[in-house]
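Coordinates from structure21.cif are shown below (mmCIF, C-alpha atoms).
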data_input
#
loop_
_atom_site.label_atom_id
_atom_site.label_comp_id
_atom_site.auth_asym_id
_atom_site.auth_seq_id
_atom_site.Cartn_x
_atom_site.Cartn_y
_atom_site.Cartn_z
CA MET A 1 105.02 117.11 123.31
CA PRO A 2 101.99 116.22 121.13
CA LYS A 3 101.18 112.54 120.75
CA LEU A 4 99.54 111.09 117.66
CA LEU A 5 97.81 107.76 117.02
CA VAL A 6 98.48 106.36 113.53
CA PHE A 7 96.24 103.52 112.34
CA LYS A 8 98.13 101.27 109.94
CA HIS A 9 96.69 98.40 107.86
CA VAL A 10 99.45 97.13 105.55
CA ALA A 11 103.22 97.46 105.56
CA HIS A 12 103.51 99.66 102.48
CA GLU A 13 100.89 102.27 103.47
CA ILE A 14 102.85 104.61 105.72
CA LEU A 15 102.95 108.26 106.76
CA GLY A 16 105.36 109.00 103.93
CA THR A 17 106.23 112.69 103.64
CA LEU A 18 104.04 113.46 106.66
CA ASP A 19 106.36 111.52 109.00
CA PRO A 20 109.44 113.81 108.95
CA LEU A 21 107.20 116.87 109.09
CA LEU A 22 105.51 115.59 112.25
CA ARG A 23 108.86 114.75 113.80
CA SER A 24 110.22 118.22 113.01
CA HIS A 25 107.36 119.63 115.11
CA GLY A 26 108.11 117.34 118.02
CA PHE A 27 105.27 114.84 117.59
CA ARG A 28 105.50 111.39 119.11
CA ASN A 29 103.76 108.97 116.77
CA ARG A 30 102.34 105.65 117.94
CA TYR A 31 101.57 103.23 115.13
CA VAL A 32 98.65 100.91 115.80
CA ASN A 33 99.38 98.02 113.42
CA PHE A 34 95.96 96.50 112.83
CA GLY A 35 97.39 94.30 110.08
CA ARG A 36 99.57 92.59 112.68
CA ASP A 37 97.10 92.63 115.58
CA PRO A 38 93.52 92.98 114.31
CA HIS A 39 92.03 92.65 117.81
CA THR A 40 93.94 95.46 119.50
CA ARG A 41 91.91 98.37 120.86
CA PRO A 42 93.99 101.41 121.79
CA SER A 43 92.70 104.07 124.13
CA LEU A 44 92.52 107.67 122.92
CA ASP A 45 93.47 108.94 126.37
CA GLY A 46 96.72 110.86 126.34
CA TYR A 47 96.67 111.41 122.57
CA HIS A 48 96.06 114.69 120.79
CA GLY A 49 95.10 113.54 117.28
CA MET A 50 94.76 110.68 114.83
CA VAL A 51 95.89 109.72 111.32
CA VAL A 52 94.15 106.78 109.64
CA LEU A 53 96.16 105.42 106.71
CA GLY A 54 95.11 103.53 103.60
CA GLY A 55 94.68 99.84 102.87
CA PRO A 56 93.22 97.46 100.27
CA MET A 57 90.18 96.35 102.24
CA ASN A 58 86.60 97.63 102.04
CA VAL A 59 85.20 99.27 105.17
CA ASP A 60 82.42 96.67 105.39
CA GLN A 61 84.72 93.61 105.41
CA VAL A 62 84.48 93.37 109.21
CA ASP A 63 84.22 89.56 109.24
CA GLU A 64 87.64 89.29 107.60
CA TYR A 65 89.09 92.43 109.20
CA PRO A 66 87.45 92.86 112.64
CA HIS A 67 89.59 95.90 113.40
CA LEU A 68 87.53 97.94 110.91
CA ALA A 69 84.62 98.06 113.35
CA THR A 70 87.00 99.04 116.14
CA GLU A 71 88.42 101.83 114.01
CA VAL A 72 85.00 103.25 113.18
CA GLU A 73 84.17 103.35 116.90
CA LEU A 74 87.47 105.01 117.79
CA ILE A 75 87.14 107.56 114.97
CA ALA A 76 83.62 108.41 116.19
CA GLU A 77 85.03 108.89 119.70
CA ALA A 78 87.81 111.12 118.36
CA ILE A 79 85.22 113.21 116.50
CA GLU A 80 83.26 113.56 119.74
CA ARG A 81 86.42 114.79 121.46
CA GLU A 82 87.06 117.22 118.55
CA MET A 83 90.54 115.79 118.02
CA PRO A 84 92.34 116.60 114.75
CA ILE A 85 91.83 113.62 112.41
CA LEU A 86 93.34 112.96 109.00
CA GLY A 87 91.91 110.04 107.02
CA ILE A 88 93.79 108.99 103.87
CA CYS A 89 92.13 106.76 101.23
CA LEU A 90 90.70 103.88 103.33
CA GLY A 91 91.10 106.22 106.30
CA ALA A 92 88.82 108.77 104.62
CA GLN A 93 86.28 106.04 103.91
CA LEU A 94 86.36 104.93 107.56
CA LEU A 95 85.92 108.55 108.65
CA ALA A 96 82.94 108.89 106.32
CA LYS A 97 81.42 105.67 107.69
CA ALA A 98 81.93 106.85 111.28
CA LEU A 99 79.92 109.94 110.31
CA GLY A 100 77.07 107.82 108.93
CA ALA A 101 77.86 108.17 105.22
CA LYS A 102 77.75 105.33 102.71
CA VAL A 103 80.97 103.83 101.30
CA ARG A 104 80.68 101.89 98.05
CA ALA A 105 82.53 100.79 94.94
CA ASN A 106 83.50 103.65 92.64
CA GLY A 107 82.54 103.44 88.98
CA VAL A 108 86.20 103.19 87.96
CA LYS A 109 89.45 102.47 89.75
CA GLU A 110 91.74 105.47 90.04
CA ILE A 111 95.35 104.31 89.97
CA GLY A 112 98.15 106.75 89.18
CA TRP A 113 98.10 110.49 88.62
CA THR A 114 94.74 112.23 88.18
CA GLU A 115 93.58 115.81 88.41
CA ILE A 116 91.21 116.96 91.12
CA LYS A 117 89.29 120.23 91.24
CA ARG A 118 88.72 122.36 94.29
CA THR A 119 85.12 123.09 95.10
CA PRO A 120 84.15 126.70 95.92
CA ALA A 121 84.17 125.71 99.60
CA GLY A 122 87.65 124.27 99.12
CA ARG A 123 89.02 127.69 98.19
CA ASP A 124 88.07 128.96 101.65
CA ASP A 125 89.36 125.92 103.56
CA PRO A 126 92.63 126.34 105.52
CA LEU A 127 94.18 123.16 104.06
CA PHE A 128 92.78 123.36 100.56
CA SER A 129 93.65 127.03 100.16
CA HIS A 130 97.12 125.66 99.30
CA PHE A 131 95.74 123.70 96.33
CA ARG A 132 95.35 125.16 92.89
CA ASP A 133 91.86 125.05 91.39
CA VAL A 134 93.03 122.03 89.36
CA GLU A 135 95.73 119.92 91.00
CA PRO A 136 97.39 116.62 89.96
CA VAL A 137 97.46 114.10 92.83
CA PHE A 138 98.32 110.44 93.23
CA GLN A 139 95.51 107.90 93.61
CA TRP A 140 95.11 104.21 94.33
CA HIS A 141 91.53 103.24 95.15
CA GLY A 142 88.47 101.43 93.91
CA ASP A 143 85.93 102.61 96.50
CA THR A 144 84.42 105.98 97.25
CA PHE A 145 82.34 107.65 99.96
CA ASP A 146 79.32 109.89 100.12
CA ILE A 147 79.95 113.29 101.69
CA PRO A 148 78.72 112.94 105.29
CA GLU A 149 75.79 115.03 106.45
CA GLY A 150 77.09 118.31 107.84
CA ALA A 151 80.51 117.95 106.19
CA VAL A 152 82.07 120.36 103.70
CA HIS A 153 82.84 119.01 100.22
CA LEU A 154 86.36 120.18 99.29
CA ALA A 155 87.46 118.49 96.04
CA LYS A 156 86.11 116.42 93.14
CA ASN A 157 86.76 115.08 89.66
CA ASP A 158 84.70 113.41 86.95
CA ASP A 159 85.63 109.81 87.77
CA CYS A 160 85.19 110.21 91.53
CA PRO A 161 83.10 113.24 92.52
CA ASN A 162 83.86 112.99 96.25
CA GLN A 163 87.62 113.42 96.69
CA ALA A 164 87.85 115.23 100.02
CA PHE A 165 85.77 116.62 102.87
CA ARG A 166 86.07 118.36 106.21
CA TYR A 167 83.85 117.69 109.19
CA GLY A 168 83.79 120.38 111.86
CA GLU A 169 87.04 122.29 112.06
CA THR A 170 89.52 119.47 112.61
CA ALA A 171 88.52 116.25 110.77
CA TYR A 172 89.65 115.76 107.16
CA GLY A 173 89.12 112.90 104.72
CA LEU A 174 91.30 112.69 101.59
CA GLN A 175 90.58 110.01 99.02
CA PHE A 176 93.94 110.60 97.31
CA HIS A 177 97.51 110.08 98.56
CA LEU A 178 99.15 113.40 99.36
CA GLU A 179 101.80 111.61 101.44
CA VAL A 180 103.59 109.71 98.65
CA ASP A 181 106.93 110.53 97.05
CA ARG A 182 108.73 108.94 94.11
CA PRO A 183 110.41 106.11 96.09
CA LEU A 184 107.11 105.16 97.73
CA ILE A 185 105.30 105.12 94.38
CA ASP A 186 108.03 102.86 92.96
CA ARG A 187 107.61 100.58 95.97
CA TRP A 188 103.85 100.35 95.42
CA LEU A 189 104.30 99.55 91.74
CA ALA A 190 106.61 96.64 92.66
CA ILE A 191 104.09 94.96 94.98
CA PRO A 192 102.76 91.75 93.32
CA HIS A 193 99.17 92.36 94.43
CA HIS A 194 99.28 95.86 92.93
CA GLN A 195 100.74 94.50 89.70
CA GLN A 196 97.88 92.01 89.50
CA GLU A 197 95.38 94.79 90.15
CA ILE A 198 96.82 96.85 87.29
CA ALA A 199 96.90 93.81 84.97
CA ALA A 200 93.21 93.19 85.67
CA GLU A 201 92.45 96.60 84.14
CA ASN A 202 93.44 95.16 80.72
CA GLY A 203 95.80 97.91 79.65
CA ARG A 204 93.76 100.87 80.90
CA ILE A 205 96.49 101.68 83.41
CA ASP A 206 100.13 101.81 82.30
CA PRO A 207 102.68 101.47 85.13
CA GLU A 208 105.43 102.88 82.93
CA GLN A 209 103.35 106.00 82.38
CA ILE A 210 102.90 106.28 86.14
CA ARG A 211 106.68 106.08 86.60
CA HIS A 212 107.25 108.67 83.90
CA ASP A 213 104.68 111.07 85.36
CA SER A 214 106.08 110.58 88.85
CA GLU A 215 109.48 111.91 87.79
CA TRP A 216 108.17 115.47 87.72
CA LEU A 217 104.76 115.43 89.40
CA SER A 218 106.04 113.92 92.65
CA ARG A 219 108.29 116.95 93.29
CA ASP A 220 105.36 119.34 93.17
CA LEU A 221 103.30 116.96 95.30
CA THR A 222 105.96 116.92 98.01
CA ASP A 223 105.95 120.73 98.09
CA LEU A 224 102.16 120.76 98.29
CA SER A 225 102.11 118.10 101.00
CA ASP A 226 104.50 120.14 103.16
CA ARG A 227 102.21 123.15 102.99
CA VAL A 228 98.97 121.22 103.49
CA PHE A 229 100.26 118.97 106.25
CA SER A 230 101.81 121.98 108.01
CA GLU A 231 98.34 123.50 108.03
CA PHE A 232 96.96 120.28 109.52
CA ILE A 233 99.65 120.36 112.20
CA GLY A 234 98.51 123.91 112.95
CA LEU A 235 95.21 122.45 114.16
CA PHE A 236 97.06 121.20 117.24
CA GLY A 237 97.84 124.73 118.40
CA ASN A 238 101.04 126.74 118.49
CA LEU A 239 103.85 124.30 117.72
CA ARG A 240 107.23 125.68 116.74
CA ARG A 241 109.09 123.76 114.05
CA ARG A 242 112.50 122.53 115.14
CA GLY A 243 114.96 123.83 112.55
CA LYS A 244 114.28 123.66 108.84
CA GLY A 245 111.49 121.57 107.38
CA PRO A 246 112.30 118.07 106.13
CA HIS A 247 112.16 119.04 102.45
CA GLU A 248 113.75 122.49 102.57
#
Would you mind writing the structure in this file as structure tokens?
Amino acid sequence: MPKLLVFKHVAHEILGTLDPLLRSHGFRNRYVNFGRDPHTRPSLDGYHGMVVLGGPMNVDQVDEYPHLATEVELIAEAIEREMPILGICLGAQLLAKALGAKVRANGVKEIGWTEIKRTPAGRDDPLFSHFRDVEPVFQWHGDTFDIPEGAVHLAKNDDCPNQAFRYGETAYGLQFHLEVDRPLIDRWLAIPHHQQEIAAENGRIDPEQIRHDSEWLSRDLTDLSDRVFSEFIGLFGNLRRRGKGPHE
């Protein structure tokens, strides 16, 4: 039975649609709740892979969030062990930092539905072969990363040129949120801190438009996430799904 470490930073950033898919393949997931215990340091021994979830902090805020330094060290160790790694939003930024790349403020905050474009290398990637050349995805971030040296640039758009990368054969960083569904998006929009963040954009971002777009775009995103995350699960070797998939 494969065992997975899941690094969690805040209560509302969860595995989402990835969770039932992992369970259907027999994964045992251990959440490491750094938001609750910022000084914990799990061992990688006995685990087969890692998912690093999102969060509102910047990767360099180690004085306020000491676990960020711990995470970078553990991600670097997982890379050395060639474990499958999936970094989402903040997780992708931490993966980039562990690989020596710079993480910085993006020129504009991406909140809501945006289109990303596959790079030529993305068309040949096992995960990104399931994306269309232009694909709407859900975003919630203000920072971005440089593509690490030796990594493959997989997706981009005009507002944030570095949307995804792969390092080696098993480590992926996604700036966007492939794991969300409509209920999770509604939950995020109801969080007071998120509402304040949107209000600070002075009308540039319309939460009602996000809700409207989510009615139809979230269904396609769930289908895409099943295919992409199934491909990620394939990195762990031959695992037979138990019964039908969670969204079939």
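The environment of Ala69 (chain A) within 12 Å, counting all atoms listed in the file and disregarding residues fewer than 2 places along the same chain, consists of Phe34, Pro38, His39, Thr40, Arg41, Asn58, Val59, Asp60, Gln61, Val62, Asp63, Glu64, Tyr65, Pro66, His67, Glu71, Val72, Glu73, Leu74, Ile75, Ala76, Leu94, Leu95, Lys97 and Ala98 of chain A.
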Taken to one decimal, the CA of Thr144 (chain A)-CA of Ile111 (chain A) distance is 13.2 Å
Would you mind listing what lies within 12 Å of Ala121 (chain A) as a PDB file with C-alpha atoms, in the frame of the given file, with all atoms listed in the file counted and same-chain residues fewer than 2 positions away left out?
ATOM      1  CA  LYS A 117      89.290 120.230  91.240  1.00  0.00           C
ATOM      2  CA  ARG A 118      88.720 122.360  94.290  1.00  0.00           C
ATOM      3  CA  THR A 119      85.120 123.090  95.100  1.00  0.00           C
ATOM      4  CA  ARG A 123      89.020 127.690  98.190  1.00  0.00           C
ATOM      5  CA  ASP A 124      88.070 128.960 101.650  1.00  0.00           C
ATOM      6  CA  ASP A 125      89.360 125.920 103.560  1.00  0.00           C
ATOM      7  CA  PRO A 126      92.630 126.340 105.520  1.00  0.00           C
ATOM      8  CA  LEU A 127      94.180 123.160 104.060  1.00  0.00           C
ATOM      9  CA  PHE A 128      92.780 123.360 100.560  1.00  0.00           C
ATOM     10  CA  SER A 129      93.650 127.030 100.160  1.00  0.00           C
ATOM     11  CA  ASP A 133      91.860 125.050  91.390  1.00  0.00           C
ATOM     12  CA  ALA A 151      80.510 117.950 106.190  1.00  0.00           C
ATOM     13  CA  VAL A 152      82.070 120.360 103.700  1.00  0.00           C
ATOM     14  CA  HIS A 153      82.840 119.010 100.220  1.00  0.00           C
ATOM     15  CA  LEU A 154      86.360 120.180  99.290  1.00  0.00           C
ATOM     16  CA  ALA A 155      87.460 118.490  96.040  1.00  0.00           C
ATOM     17  CA  LYS A 156      86.110 116.420  93.140  1.00  0.00           C
ATOM     18  CA  ALA A 164      87.850 115.230 100.020  1.00  0.00           C
ATOM     19  CA  PHE A 165      85.770 116.620 102.870  1.00  0.00           C
ATOM     20  CA  ARG A 166      86.070 118.360 106.210  1.00  0.00           C
TER      21      ARG A 166
END
Using the chain letters and residue numbers of this document, give as a list of chain:residue names the residues selected by the PyMOL selection byres ((chain A and resi 35) around 8).
A:Lys8, A:His9, A:Val10, A:Asn33, A:Phe34, A:Arg36, A:Asp37, A:Pro38
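Atom pair CA of Ile191 (chain A) / CA of Leu18 (chain A) has a distance of 21.9 Å (rounded to one decimal).
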Report, in Å with one decimal, the straight-line distance from CA of Glu231 (chain A) to CA of Asn29 (chain A).
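These two atoms are separated by 17.8 Å.
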Which residues come within 7 Å of Pro148 (chain A), counting all atoms listed in the file, excluding same-chain residues fewer than 4 positions away, as a PyMOL selection string?
chain A and resi 96+99-101
Could you save the residues just selected, with C-alpha atoms, as an mmCIF file, in the frame of the given file?
data_model
loop_
_atom_site.group_PDB
_atom_site.id
_atom_site.type_symbol
_atom_site.label_atom_id
_atom_site.label_comp_id
_atom_site.auth_asym_id
_atom_site.auth_seq_id
_atom_site.Cartn_x
_atom_site.Cartn_y
_atom_site.Cartn_z
ATOM 1 C CA ALA A 96 82.940 108.890 106.320
ATOM 2 C CA LEU A 99 79.920 109.940 110.310
ATOM 3 C CA GLY A 100 77.070 107.820 108.930
ATOM 4 C CA ALA A 101 77.860 108.170 105.220
#
Expansion of the PyMOL selection byres ((chain A and resi 236) around 12) into residues, as a VMD selection string
chain A and resid 1 to 4 22 25 to 27 47 to 50 82 to 85 169 to 171 229 to 235 237 to 240
Kindly indicate which residue among A:Lys102, A:Arg132, A:Arg81, A:His194 lies nearest to Gly55 (chain A), using all atoms listed in the file for the distances.
A:His194
Please write the residues picked by the PyMOL selection byres ((chain A and resi 140) around 10) on this file as a CSV table (one decimal) with C-alpha atoms, in the frame of the given file.
chain,number,residue,atom,x,y,z
A,54,GLY,CA,95.1,103.5,103.6
A,55,GLY,CA,94.7,99.8,102.9
A,56,PRO,CA,93.2,97.5,100.3
A,89,CYS,CA,92.1,106.8,101.2
A,109,LYS,CA,89.4,102.5,89.8
A,110,GLU,CA,91.7,105.5,90.0
A,111,ILE,CA,95.4,104.3,90.0
A,112,GLY,CA,98.2,106.8,89.2
A,113,TRP,CA,98.1,110.5,88.6
A,138,PHE,CA,98.3,110.4,93.2
A,139,GLN,CA,95.5,107.9,93.6
A,141,HIS,CA,91.5,103.2,95.2
A,142,GLY,CA,88.5,101.4,93.9
A,143,ASP,CA,85.9,102.6,96.5
A,175,GLN,CA,90.6,110.0,99.0
A,176,PHE,CA,93.9,110.6,97.3
A,177,HIS,CA,97.5,110.1,98.6
A,188,TRP,CA,103.8,100.4,95.4
A,194,HIS,CA,99.3,95.9,92.9
